[in-house]
$ cat query_7.pdb   # PDB, C-alpha atoms
MODEL        1
ATOM      1  CA  MET A   1      -0.438  24.674  60.000
ATOM      2  CA  GLU A   2      -3.310  26.127  61.999
ATOM      3  CA  LEU A   3      -6.857  25.079  61.122
ATOM      4  CA  ASN A   4      -9.061  27.600  62.910
ATOM      5  CA  THR A   5     -12.317  26.072  61.904
ATOM      6  CA  PHE A   6     -15.649  24.512  62.785
ATOM      7  CA  SER A   7     -16.536  20.913  62.038
ATOM      8  CA  ILE A   8     -18.929  18.082  62.777
ATOM      9  CA  CYS A   9     -18.342  14.325  62.821
ATOM     10  CA  GLY A  10     -21.545  12.320  62.526
ATOM     11  CA  ARG A  11     -22.929   8.806  62.249
ATOM     12  CA  CYS A  12     -26.350   7.687  61.057
ATOM     13  CA  HIS A  13     -27.661   5.124  63.531
ATOM     14  CA  LYS A  14     -30.000   3.705  60.854
ATOM     15  CA  THR A  15     -27.475   3.111  58.057
ATOM     16  CA  GLY A  16     -24.104   3.141  59.817
ATOM     17  CA  GLN A  17     -22.847   5.859  57.475
ATOM     18  CA  LEU A  18     -20.048   8.051  58.836
ATOM     19  CA  GLY A  19     -19.138  11.563  57.771
ATOM     20  CA  VAL A  20     -17.430  14.867  58.439
ATOM     21  CA  ALA A  21     -18.424  18.393  57.409
ATOM     22  CA  VAL A  22     -16.002  21.275  57.932
ATOM     23  CA  SER A  23     -15.277  24.868  56.938
ATOM     24  CA  THR A  24     -12.325  27.173  57.571
ATOM     25  CA  ALA A  25     -10.571  30.332  56.355
ATOM     26  CA  ILE A  26      -7.748  28.603  54.489
ATOM     27  CA  PRO A  27      -7.932  26.716  51.172
ATOM     28  CA  ASN A  28      -8.420  22.970  50.736
ATOM     29  CA  VAL A  29      -9.666  22.012  54.196
ATOM     30  CA  GLY A  30     -11.083  18.769  52.779
ATOM     31  CA  ASP A  31      -7.516  17.537  52.252
ATOM     32  CA  LYS A  32      -6.504  18.248  55.848
ATOM     33  CA  ALA A  33      -9.143  17.964  58.589
ATOM     34  CA  PRO A  34     -11.361  14.923  57.815
ATOM     35  CA  TYR A  35     -10.307  11.308  58.405
ATOM     36  CA  ILE A  36     -12.919   8.615  57.772
ATOM     37  CA  TYR A  37     -12.843   4.853  57.330
ATOM     38  CA  PRO A  38     -16.101   3.060  56.443
ATOM     39  CA  MET A  39     -17.773   1.148  59.269
ATOM     40  CA  VAL A  40     -14.905   2.185  61.586
ATOM     41  CA  GLY A  41     -15.047   5.866  62.483
ATOM     42  CA  ALA A  42     -14.829   9.549  61.581
ATOM     43  CA  ILE A  43     -12.294  12.058  62.905
ATOM     44  CA  ALA A  44     -11.800  15.814  62.505
ATOM     45  CA  SER A  45      -8.304  17.104  63.356
ATOM     46  CA  GLN A  46      -7.895  20.881  63.649
ATOM     47  CA  ALA A  47      -6.424  23.893  65.495
ATOM     48  CA  PHE A  48      -2.626  23.361  65.198
ATOM     49  CA  PHE A  49      -3.114  20.589  62.684
ATOM     50  CA  ASN A  50      -1.325  17.256  63.102
ATOM     51  CA  ASP A  51      -2.245  14.656  60.485
ATOM     52  CA  LYS A  52      -0.783  11.904  62.671
ATOM     53  CA  LEU A  53      -3.728  12.275  65.050
ATOM     54  CA  GLY A  54      -6.194  11.438  62.296
ATOM     55  CA  ILE A  55      -4.103   8.692  60.713
ATOM     56  CA  ASP A  56      -3.226   6.975  63.994
ATOM     57  CA  GLY A  57      -6.716   7.551  65.339
ATOM     58  CA  LEU A  58      -8.253   5.526  62.513
ATOM     59  CA  LYS A  59      -5.718   2.747  63.129
ATOM     60  CA  PHE A  60      -6.713   2.543  66.800
ATOM     61  CA  LEU A  61     -10.401   2.501  65.864
ATOM     62  CA  MET A  62      -9.713  -0.326  63.413
ATOM     63  CA  ASP A  63      -8.018  -2.226  66.234
ATOM     64  CA  GLY A  64     -11.242  -2.064  68.245
ATOM     65  CA  LYS A  65     -10.688   0.917  70.531
ATOM     66  CA  ASN A  66     -13.736   3.095  71.111
ATOM     67  CA  ALA A  67     -13.804   6.854  70.509
ATOM     68  CA  GLN A  68     -12.698   7.882  74.017
ATOM     69  CA  ASP A  69      -9.905   5.304  74.245
ATOM     70  CA  THR A  70      -8.682   6.350  70.798
ATOM     71  CA  LEU A  71      -8.679  10.014  71.814
ATOM     72  CA  ASP A  72      -6.799   9.268  75.028
ATOM     73  CA  THR A  73      -4.212   7.187  73.194
ATOM     74  CA  VAL A  74      -3.410   9.640  70.407
ATOM     75  CA  LEU A  75      -3.170  12.548  72.837
ATOM     76  CA  SER A  76      -0.909  10.601  75.201
ATOM     77  CA  ASN A  77       1.669  10.470  72.408
ATOM     78  CA  ASP A  78       1.313  14.133  71.367
ATOM     79  CA  SER A  79       3.528  16.715  73.047
ATOM     80  CA  GLY A  80       1.514  19.496  71.360
ATOM     81  CA  LYS A  81      -1.913  18.462  72.617
ATOM     82  CA  ARG A  82      -2.466  21.818  74.371
ATOM     83  CA  CYS A  83      -2.906  23.435  70.941
ATOM     84  CA  ARG A  84      -4.858  20.623  69.249
ATOM     85  CA  GLN A  85      -8.547  20.096  68.680
ATOM     86  CA  LEU A  86     -10.001  16.723  67.782
ATOM     87  CA  GLY A  87     -13.435  15.164  67.380
ATOM     88  CA  ILE A  88     -14.150  11.436  66.976
ATOM     89  CA  VAL A  89     -17.234   9.291  66.356
ATOM     90  CA  ASP A  90     -16.803   5.516  66.228
ATOM     91  CA  ASN A  91     -18.848   2.839  64.466
ATOM     92  CA  ASP A  92     -20.962   2.176  67.572
ATOM     93  CA  GLY A  93     -21.945   5.836  67.856
ATOM     94  CA  ASN A  94     -19.635   6.645  70.757
ATOM     95  CA  SER A  95     -18.114  10.117  70.549
ATOM     96  CA  ALA A  96     -15.212  11.964  72.133
ATOM     97  CA  ALA A  97     -13.570  15.345  71.676
ATOM     98  CA  TRP A  98     -10.648  17.414  72.879
ATOM     99  CA  THR A  99     -10.016  21.147  72.883
ATOM    100  CA  GLY A 100      -6.539  22.097  74.106
ATOM    101  CA  GLU A 101      -6.332  24.956  76.558
ATOM    102  CA  VAL A 102      -4.334  27.195  74.224
ATOM    103  CA  CYS A 103      -6.669  26.892  71.213
ATOM    104  CA  GLN A 104      -7.739  30.367  70.144
ATOM    105  CA  SER A 105     -11.069  31.474  71.592
ATOM    106  CA  TRP A 106     -13.832  30.965  71.261
ATOM    107  CA  ALA A 107     -12.880  27.299  71.292
ATOM    108  CA  GLY A 108     -14.818  24.284  72.495
ATOM    109  CA  HIS A 109     -16.846  21.211  71.605
ATOM    110  CA  LEU A 110     -20.062  19.290  72.240
ATOM    111  CA  THR A 111     -20.517  15.525  71.997
ATOM    112  CA  GLY A 112     -23.468  13.155  72.070
ATOM    113  CA  ASP A 113     -24.576   9.840  70.654
ATOM    114  CA  ASN A 114     -23.375   9.644  67.035
ATOM    115  CA  VAL A 115     -22.035  13.219  66.921
ATOM    116  CA  SER A 116     -19.110  15.436  67.856
ATOM    117  CA  VAL A 117     -19.026  19.161  67.054
ATOM    118  CA  GLN A 118     -15.922  21.275  67.569
ATOM    119  CA  GLY A 119     -14.616  24.720  66.682
ATOM    120  CA  ASN A 120     -11.920  27.244  67.459
ATOM    121  CA  LEU A 121     -11.328  30.928  66.684
ATOM    122  CA  LEU A 122     -15.109  31.290  66.469
ATOM    123  CA  GLU A 123     -17.322  34.290  67.051
ATOM    124  CA  SER A 124     -18.960  32.521  69.993
ATOM    125  CA  GLU A 125     -20.093  29.179  71.369
ATOM    126  CA  ASP A 126     -23.360  29.651  69.444
ATOM    127  CA  THR A 127     -21.688  28.186  66.343
ATOM    128  CA  VAL A 128     -21.053  24.837  68.021
ATOM    129  CA  ILE A 129     -24.358  24.792  69.898
ATOM    130  CA  SER A 130     -26.395  25.488  66.765
ATOM    131  CA  MET A 131     -24.566  22.791  64.786
ATOM    132  CA  TYR A 132     -25.142  20.245  67.541
ATOM    133  CA  ASP A 133     -28.830  21.136  67.886
ATOM    134  CA  THR A 134     -29.372  21.003  64.134
ATOM    135  CA  PHE A 135     -27.884  17.522  63.920
ATOM    136  CA  GLN A 136     -29.959  16.261  66.835
ATOM    137  CA  ASN A 137     -33.178  17.741  65.449
ATOM    138  CA  THR A 138     -32.886  16.295  61.913
ATOM    139  CA  ASP A 139     -32.840  12.577  62.679
ATOM    140  CA  ASP A 140     -35.442  11.917  59.974
ATOM    141  CA  LEU A 141     -33.046  13.060  57.215
ATOM    142  CA  ASP A 142     -30.118  11.230  55.677
ATOM    143  CA  LEU A 143     -26.629  11.838  57.041
ATOM    144  CA  LYS A 144     -25.310  14.016  54.234
ATOM    145  CA  GLU A 145     -28.238  16.427  54.593
ATOM    146  CA  ARG A 146     -27.930  16.518  58.396
ATOM    147  CA  LEU A 147     -24.231  17.363  58.122
ATOM    148  CA  MET A 148     -24.853  19.984  55.442
ATOM    149  CA  MET A 149     -27.586  21.655  57.498
ATOM    150  CA  SER A 150     -25.380  21.591  60.586
ATOM    151  CA  LEU A 151     -22.564  23.306  58.704
ATOM    152  CA  GLU A 152     -24.970  25.933  57.384
ATOM    153  CA  SER A 153     -26.260  26.512  60.900
ATOM    154  CA  GLY A 154     -22.719  27.003  62.187
ATOM    155  CA  GLN A 155     -22.037  29.557  59.470
ATOM    156  CA  GLU A 156     -25.292  31.363  60.215
ATOM    157  CA  TYR A 157     -24.309  31.720  63.871
ATOM    158  CA  GLY A 158     -20.962  33.334  63.150
ATOM    159  CA  GLY A 159     -18.579  30.604  62.049
ATOM    160  CA  ASP A 160     -14.888  31.450  61.788
ATOM    161  CA  LYS A 161     -14.407  34.960  63.219
ATOM    162  CA  ARG A 162     -11.838  35.925  60.584
ATOM    163  CA  GLY A 163     -14.166  35.824  57.611
ATOM    164  CA  GLY A 164     -12.077  36.872  54.628
ATOM    165  CA  ASP A 165     -11.990  35.796  51.002
ATOM    166  CA  VAL A 166      -9.828  32.662  51.214
ATOM    167  CA  GLN A 167     -12.027  29.920  52.602
ATOM    168  CA  SER A 168     -12.961  26.332  51.991
ATOM    169  CA  ALA A 169     -15.493  23.720  53.015
ATOM    170  CA  ALA A 170     -15.981  19.980  52.623
ATOM    171  CA  LEU A 171     -18.603  17.324  53.240
ATOM    172  CA  ILE A 172     -17.501  13.690  53.041
ATOM    173  CA  VAL A 173     -19.641  10.628  53.849
ATOM    174  CA  TYR A 174     -18.798   6.933  53.685
ATOM    175  CA  SER A 175     -21.194   4.007  53.703
ATOM    176  CA  ASN A 176     -19.875   0.425  53.753
ATOM    177  CA  LYS A 177     -17.561   0.728  50.742
ATOM    178  CA  LYS A 178     -13.955   1.923  50.589
ATOM    179  CA  HIS A 179     -14.798   4.826  48.285
ATOM    180  CA  PRO A 180     -16.892   7.724  49.581
ATOM    181  CA  LEU A 181     -20.633   7.877  49.092
ATOM    182  CA  VAL A 182     -20.368  11.689  49.051
ATOM    183  CA  ASP A 183     -17.257  13.832  48.608
ATOM    184  CA  PHE A 184     -18.130  17.483  48.038
ATOM    185  CA  ARG A 185     -15.389  20.096  48.371
ATOM    186  CA  VAL A 186     -15.069  23.832  47.838
ATOM    187  CA  ASN A 187     -11.349  24.480  47.888
ATOM    188  CA  ARG A 188     -11.340  28.267  47.571
ATOM    189  CA  HIS A 189     -14.354  30.587  47.638
ATOM    190  CA  HIS A 190     -15.473  33.691  49.508
ATOM    191  CA  LEU A 191     -18.695  31.907  50.549
ATOM    192  CA  PRO A 192     -17.601  28.272  50.848
ATOM    193  CA  VAL A 193     -20.568  26.872  52.785
ATOM    194  CA  ALA A 194     -23.104  28.443  50.408
ATOM    195  CA  GLU A 195     -21.082  27.211  47.441
ATOM    196  CA  LEU A 196     -20.936  23.729  48.975
ATOM    197  CA  ARG A 197     -24.725  23.707  49.129
ATOM    198  CA  LYS A 198     -24.877  24.565  45.410
ATOM    199  CA  ASN A 199     -22.616  21.617  44.598
ATOM    200  CA  PHE A 200     -24.586  19.439  46.980
ATOM    201  CA  ASN A 201     -27.830  20.128  45.118
TER     202      ASN A 201
ENDMDL
END
$ encode --input "query_7.pdb" --output "structure tokens"
Amino acid sequence: MELNTFSICGRCHKTGQLGVAVSTAIPNVGDKAPYIYPMVGAIASQAFFNDKLGIDGLKFLMDGKNAQDTLDTVLSNDSGKRCRQLGIVDNDGNSAAWTGEVCQSWAGHLTGDNVSVQGNLLESEDTVISMYDTFQNTDDLDLKERLMMSLESGQEYGGDKRGGDVQSAALIVYSNKKHPLVDFRVNRHHLPVAELRKNFN
């Protein structure tokens, strides 16, 4: 399955919360792209989707590997890495990302302390840049709001170039418990990010 999408993995340096926000032009993206374990890390797996990258990635993070070492390890075992896209943020705020060379353009990522933003089959790089800037400029807000605003910013700057009427979005945040602090999903809607905001409020 191909997840042509835009996503953000984020960590709050004040609370240690970890989360992922994502939107794409297929249904039920919240069941596919995000992988989060509290106080361990957050991963978004997309492009030609391989759930093993998210599942194994969390295992490596639990074993003490940082974001970059985890990324290197999961990709070393993946013969299809040229068509994968992956973003990781670990519990110390380290981030890493990968965009395979055959991901559909525009495709790319940006990483920084506590954040990784990635997207493929986008209108332009402005989607990823605006999401990254929004996250960095909203440090005074809580994580769920920063992720929601970043997703909205990505949509405003073009988002998935296909558009269409079969889309989904999700925003999931964990604190220090095994159940999510926030789990908002829009599984099928023609304006999934706007509908996610309605549910969020």
$ axis_aligned_box --input "query_7.pdb" --around "segment 3-13 of chain A" --padding-each-side "3 Å" --output "JSON"
{"center_x": -17.3, "center_y": 16.4, "center_z": 62.3, "size_x": 26.8, "size_y": 28.5, "size_z": 8.5}
$ closest_residue --input "query_7.pdb" --among "A:Asn77, A:Val29, A:Cys9, A:Ala169" --to "Ala97 of chain A" --atoms "all atoms listed in the file"
A:Cys9
$ resolve_selection --input "query_7.pdb" --expression "the PyMOL selection byres ((chain A and resi 8) around 6)" --output "list in words"
Ser7, Cys9, Val20, Ala21, Ser116 and Val117 of chain A
$ closest_residue --input "query_7.pdb" --among "A:Asp72, A:Ile26, A:Ser153, A:Gln104" --to "Ala194 of chain A" --atoms "only C-alpha atoms"
A:Ser153
$ residues_around --input "query_7.pdb" --residues "Val182 of chain A" --least-positions-apart "5" --cutoff "7 Å" --atoms "all atoms listed in the file" --output "list in words"
Ile172, Val173 and Tyr174 of chain A
$ residues_around --input "query_7.pdb" --residues "Gly30 of chain A" --least-positions-apart "6" --cutoff "10 Å" --atoms "all atoms listed in the file" --output "number ranges by chain"
A: 20-24, 168-172, 183-187
$ residues_around --input "query_7.pdb" --residues "Tyr35 of chain A" --least-positions-apart "2" --cutoff "8 Å" --atoms "only C-alpha atoms" --output "list in words"
Val20, Ala33, Tyr37, Ala42, Ile43, Ala44, Ser45, Gly54, Ile55 and Leu58 of chain A
$ residues_around --input "query_7.pdb" --residues "Gly108 of chain A" --least-positions-apart "6" --cutoff "12 Å" --atoms "all atoms listed in the file" --output "PyMOL selection string"
chain A and resi 4-7+46-47+84-87+97-102+116-129
$ closest_residue --input "query_7.pdb" --among "A:Gln167, A:Ser95, A:Lys81, A:Ala67" --to "His189 of chain A" --atoms "only C-alpha atoms"
A:Gln167
$ closest_residue --input "query_7.pdb" --among "A:Thr15, A:Ser130, A:Asn114, A:Ser79" --to "Phe48 of chain A" --atoms "only C-alpha atoms"
A:Ser79
$ resolve_selection --input "query_7.pdb" --expression "the PyMOL selection byres ((chain A and resi 16) around 12)" --output "MDAnalysis selection string"
chainID A and resid 10:15 17:19 37:42 89:93 114 142:143 173:177
$ atom_distance --input "query_7.pdb" --atom1 "atom CA of Asp51 of chain A" --atom2 "atom CA of Leu75 of chain A"
12.6 Å
$ residues_around --input "query_7.pdb" --residues "Thr134 of chain A" --least-positions-apart "6" --cutoff "8 Å" --atoms "only C-alpha atoms" --output "PyMOL selection string"
chain A and resi 146+149-150+153
$ atom_distance --input "query_7.pdb" --atom1 "atom CA of Ala96 of chain A" --atom2 "atom CA of Pro180 of chain A"
23.0 Å
$ atom_distance --input "query_7.pdb" --atom1 "atom CA of Met131 of chain A" --atom2 "atom CA of Asp69 of chain A"
24.7 Å
$ closest_residue --input "query_7.pdb" --among "A:Tyr157, A:Phe135, A:Phe200, A:Phe49" --to "Cys103 of chain A" --atoms "only C-alpha atoms"
A:Phe49
$ decode --input "query_7.pdb" --residues "segment 130-159 of chain A" --atoms "N, CA, C and O atoms" --output "PDB file, in the first residue's frame"
ATOM      1  N   SER A 130       6.509  24.640   5.992  1.00  0.00           N
ATOM      2  CA  SER A 130       5.535  25.357   6.825  1.00  0.00           C
ATOM      3  C   SER A 130       5.176  24.566   8.073  1.00  0.00           C
ATOM      4  O   SER A 130       4.993  25.139   9.154  1.00  0.00           O
ATOM      5  N   MET A 131       5.092  23.237   7.962  1.00  0.00           N
ATOM      6  CA  MET A 131       4.810  22.408   9.130  1.00  0.00           C
ATOM      7  C   MET A 131       5.944  22.500  10.145  1.00  0.00           C
ATOM      8  O   MET A 131       5.713  22.650  11.354  1.00  0.00           O
ATOM      9  N   TYR A 132       7.163  22.426   9.654  1.00  0.00           N
ATOM     10  CA  TYR A 132       8.340  22.506  10.522  1.00  0.00           C
ATOM     11  C   TYR A 132       8.387  23.865  11.227  1.00  0.00           C
ATOM     12  O   TYR A 132       8.577  23.936  12.454  1.00  0.00           O
ATOM     13  N   ASP A 133       8.198  24.935  10.470  1.00  0.00           N
ATOM     14  CA  ASP A 133       8.253  26.278  11.054  1.00  0.00           C
ATOM     15  C   ASP A 133       7.149  26.484  12.082  1.00  0.00           C
ATOM     16  O   ASP A 133       7.369  27.103  13.135  1.00  0.00           O
ATOM     17  N   THR A 134       5.964  25.976  11.788  1.00  0.00           N
ATOM     18  CA  THR A 134       4.852  26.119  12.728  1.00  0.00           C
ATOM     19  C   THR A 134       5.170  25.418  14.045  1.00  0.00           C
ATOM     20  O   THR A 134       4.941  25.970  15.128  1.00  0.00           O
ATOM     21  N   PHE A 135       5.709  24.221  13.974  1.00  0.00           N
ATOM     22  CA  PHE A 135       6.054  23.501  15.194  1.00  0.00           C
ATOM     23  C   PHE A 135       7.108  24.266  15.997  1.00  0.00           C
ATOM     24  O   PHE A 135       6.987  24.421  17.216  1.00  0.00           O
ATOM     25  N   GLN A 136       8.115  24.764  15.318  1.00  0.00           N
ATOM     26  CA  GLN A 136       9.201  25.456  16.012  1.00  0.00           C
ATOM     27  C   GLN A 136       8.743  26.779  16.628  1.00  0.00           C
ATOM     28  O   GLN A 136       9.297  27.215  17.643  1.00  0.00           O
ATOM     29  N   ASN A 137       7.737  27.397  16.032  1.00  0.00           N
ATOM     30  CA  ASN A 137       7.299  28.715  16.487  1.00  0.00           C
ATOM     31  C   ASN A 137       6.150  28.680  17.489  1.00  0.00           C
ATOM     32  O   ASN A 137       5.600  29.738  17.840  1.00  0.00           O
ATOM     33  N   THR A 138       5.769  27.486  17.956  1.00  0.00           N
ATOM     34  CA  THR A 138       4.628  27.366  18.880  1.00  0.00           C
ATOM     35  C   THR A 138       5.036  26.645  20.167  1.00  0.00           C
ATOM     36  O   THR A 138       4.243  25.925  20.765  1.00  0.00           O
ATOM     37  N   ASP A 139       6.255  26.868  20.593  1.00  0.00           N
ATOM     38  CA  ASP A 139       6.803  26.158  21.747  1.00  0.00           C
ATOM     39  C   ASP A 139       6.042  26.447  23.039  1.00  0.00           C
ATOM     40  O   ASP A 139       6.137  25.692  24.004  1.00  0.00           O
ATOM     41  N   ASP A 140       5.291  27.531  23.075  1.00  0.00           N
ATOM     42  CA  ASP A 140       4.544  27.889  24.281  1.00  0.00           C
ATOM     43  C   ASP A 140       3.237  27.107  24.406  1.00  0.00           C
ATOM     44  O   ASP A 140       2.584  27.158  25.455  1.00  0.00           O
ATOM     45  N   LEU A 141       2.842  26.378  23.378  1.00  0.00           N
ATOM     46  CA  LEU A 141       1.591  25.622  23.386  1.00  0.00           C
ATOM     47  C   LEU A 141       1.842  24.168  23.744  1.00  0.00           C
ATOM     48  O   LEU A 141       2.977  23.684  23.712  1.00  0.00           O
ATOM     49  N   ASP A 142       0.757  23.452  24.074  1.00  0.00           N
ATOM     50  CA  ASP A 142       0.943  22.032  24.373  1.00  0.00           C
ATOM     51  C   ASP A 142       1.119  21.242  23.075  1.00  0.00           C
ATOM     52  O   ASP A 142       0.856  21.736  21.976  1.00  0.00           O
ATOM     53  N   LEU A 143       1.590  20.006  23.206  1.00  0.00           N
ATOM     54  CA  LEU A 143       2.003  19.244  22.026  1.00  0.00           C
ATOM     55  C   LEU A 143       0.849  18.999  21.068  1.00  0.00           C
ATOM     56  O   LEU A 143       1.015  19.123  19.855  1.00  0.00           O
ATOM     57  N   LYS A 144      -0.307  18.646  21.584  1.00  0.00           N
ATOM     58  CA  LYS A 144      -1.418  18.324  20.681  1.00  0.00           C
ATOM     59  C   LYS A 144      -1.798  19.520  19.819  1.00  0.00           C
ATOM     60  O   LYS A 144      -2.097  19.372  18.633  1.00  0.00           O
ATOM     61  N   GLU A 145      -1.757  20.727  20.402  1.00  0.00           N
ATOM     62  CA  GLU A 145      -2.083  21.923  19.625  1.00  0.00           C
ATOM     63  C   GLU A 145      -0.982  22.232  18.615  1.00  0.00           C
ATOM     64  O   GLU A 145      -1.264  22.622  17.477  1.00  0.00           O
ATOM     65  N   ARG A 146       0.264  22.053  18.991  1.00  0.00           N
ATOM     66  CA  ARG A 146       1.378  22.292  18.058  1.00  0.00           C
ATOM     67  C   ARG A 146       1.293  21.352  16.853  1.00  0.00           C
ATOM     68  O   ARG A 146       1.500  21.762  15.707  1.00  0.00           O
ATOM     69  N   LEU A 147       0.965  20.093  17.108  1.00  0.00           N
ATOM     70  CA  LEU A 147       0.843  19.125  16.019  1.00  0.00           C
ATOM     71  C   LEU A 147      -0.361  19.442  15.136  1.00  0.00           C
ATOM     72  O   LEU A 147      -0.283  19.345  13.904  1.00  0.00           O
ATOM     73  N   MET A 148      -1.469  19.835  15.761  1.00  0.00           N
ATOM     74  CA  MET A 148      -2.664  20.172  14.995  1.00  0.00           C
ATOM     75  C   MET A 148      -2.395  21.385  14.113  1.00  0.00           C
ATOM     76  O   MET A 148      -2.741  21.401  12.921  1.00  0.00           O
ATOM     77  N   MET A 149      -1.768  22.416  14.666  1.00  0.00           N
ATOM     78  CA  MET A 149      -1.475  23.612  13.882  1.00  0.00           C
ATOM     79  C   MET A 149      -0.486  23.317  12.759  1.00  0.00           C
ATOM     80  O   MET A 149      -0.592  23.871  11.662  1.00  0.00           O
ATOM     81  N   SER A 150       0.452  22.436  13.015  1.00  0.00           N
ATOM     82  CA  SER A 150       1.417  22.057  11.977  1.00  0.00           C
ATOM     83  C   SER A 150       0.719  21.349  10.827  1.00  0.00           C
ATOM     84  O   SER A 150       1.014  21.596   9.650  1.00  0.00           O
ATOM     85  N   LEU A 151      -0.208  20.455  11.154  1.00  0.00           N
ATOM     86  CA  LEU A 151      -0.951  19.745  10.117  1.00  0.00           C
ATOM     87  C   LEU A 151      -1.797  20.717   9.297  1.00  0.00           C
ATOM     88  O   LEU A 151      -1.852  20.631   8.068  1.00  0.00           O
ATOM     89  N   GLU A 152      -2.442  21.649   9.980  1.00  0.00           N
ATOM     90  CA  GLU A 152      -3.236  22.663   9.283  1.00  0.00           C
ATOM     91  C   GLU A 152      -2.354  23.507   8.365  1.00  0.00           C
ATOM     92  O   GLU A 152      -2.755  23.844   7.244  1.00  0.00           O
ATOM     93  N   SER A 153      -1.174  23.837   8.838  1.00  0.00           N
ATOM     94  CA  SER A 153      -0.254  24.630   8.016  1.00  0.00           C
ATOM     95  C   SER A 153       0.163  23.864   6.771  1.00  0.00           C
ATOM     96  O   SER A 153       0.233  24.421   5.673  1.00  0.00           O
ATOM     97  N   GLY A 154       0.434  22.560   6.933  1.00  0.00           N
ATOM     98  CA  GLY A 154       0.782  21.741   5.777  1.00  0.00           C
ATOM     99  C   GLY A 154      -0.335  21.684   4.756  1.00  0.00           C
ATOM    100  O   GLY A 154      -0.101  21.745   3.538  1.00  0.00           O
ATOM    101  N   GLN A 155      -1.574  21.569   5.231  1.00  0.00           N
ATOM    102  CA  GLN A 155      -2.714  21.554   4.324  1.00  0.00           C
ATOM    103  C   GLN A 155      -2.871  22.889   3.613  1.00  0.00           C
ATOM    104  O   GLN A 155      -3.134  22.955   2.409  1.00  0.00           O
ATOM    105  N   GLU A 156      -2.659  23.969   4.347  1.00  0.00           N
ATOM    106  CA  GLU A 156      -2.789  25.309   3.768  1.00  0.00           C
ATOM    107  C   GLU A 156      -1.783  25.528   2.636  1.00  0.00           C
ATOM    108  O   GLU A 156      -2.080  26.205   1.651  1.00  0.00           O
ATOM    109  N   TYR A 157      -0.603  24.935   2.767  1.00  0.00           N
ATOM    110  CA  TYR A 157       0.440  25.122   1.770  1.00  0.00           C
ATOM    111  C   TYR A 157       0.457  24.008   0.725  1.00  0.00           C
ATOM    112  O   TYR A 157       1.485  23.723   0.135  1.00  0.00           O
ATOM    113  N   GLY A 158      -0.677  23.387   0.492  1.00  0.00           N
ATOM    114  CA  GLY A 158      -0.814  22.475  -0.626  1.00  0.00           C
ATOM    115  C   GLY A 158      -1.136  21.053  -0.263  1.00  0.00           C
ATOM    116  O   GLY A 158      -1.971  20.425  -0.883  1.00  0.00           O
ATOM    117  N   GLY A 159      -0.443  20.514   0.750  1.00  0.00           N
ATOM    118  CA  GLY A 159      -0.713  19.146   1.178  1.00  0.00           C
ATOM    119  C   GLY A 159      -0.516  18.140   0.056  1.00  0.00           C
ATOM    120  O   GLY A 159       0.262  18.325  -0.880  1.00  0.00           O
TER     121      GLY A 159
END
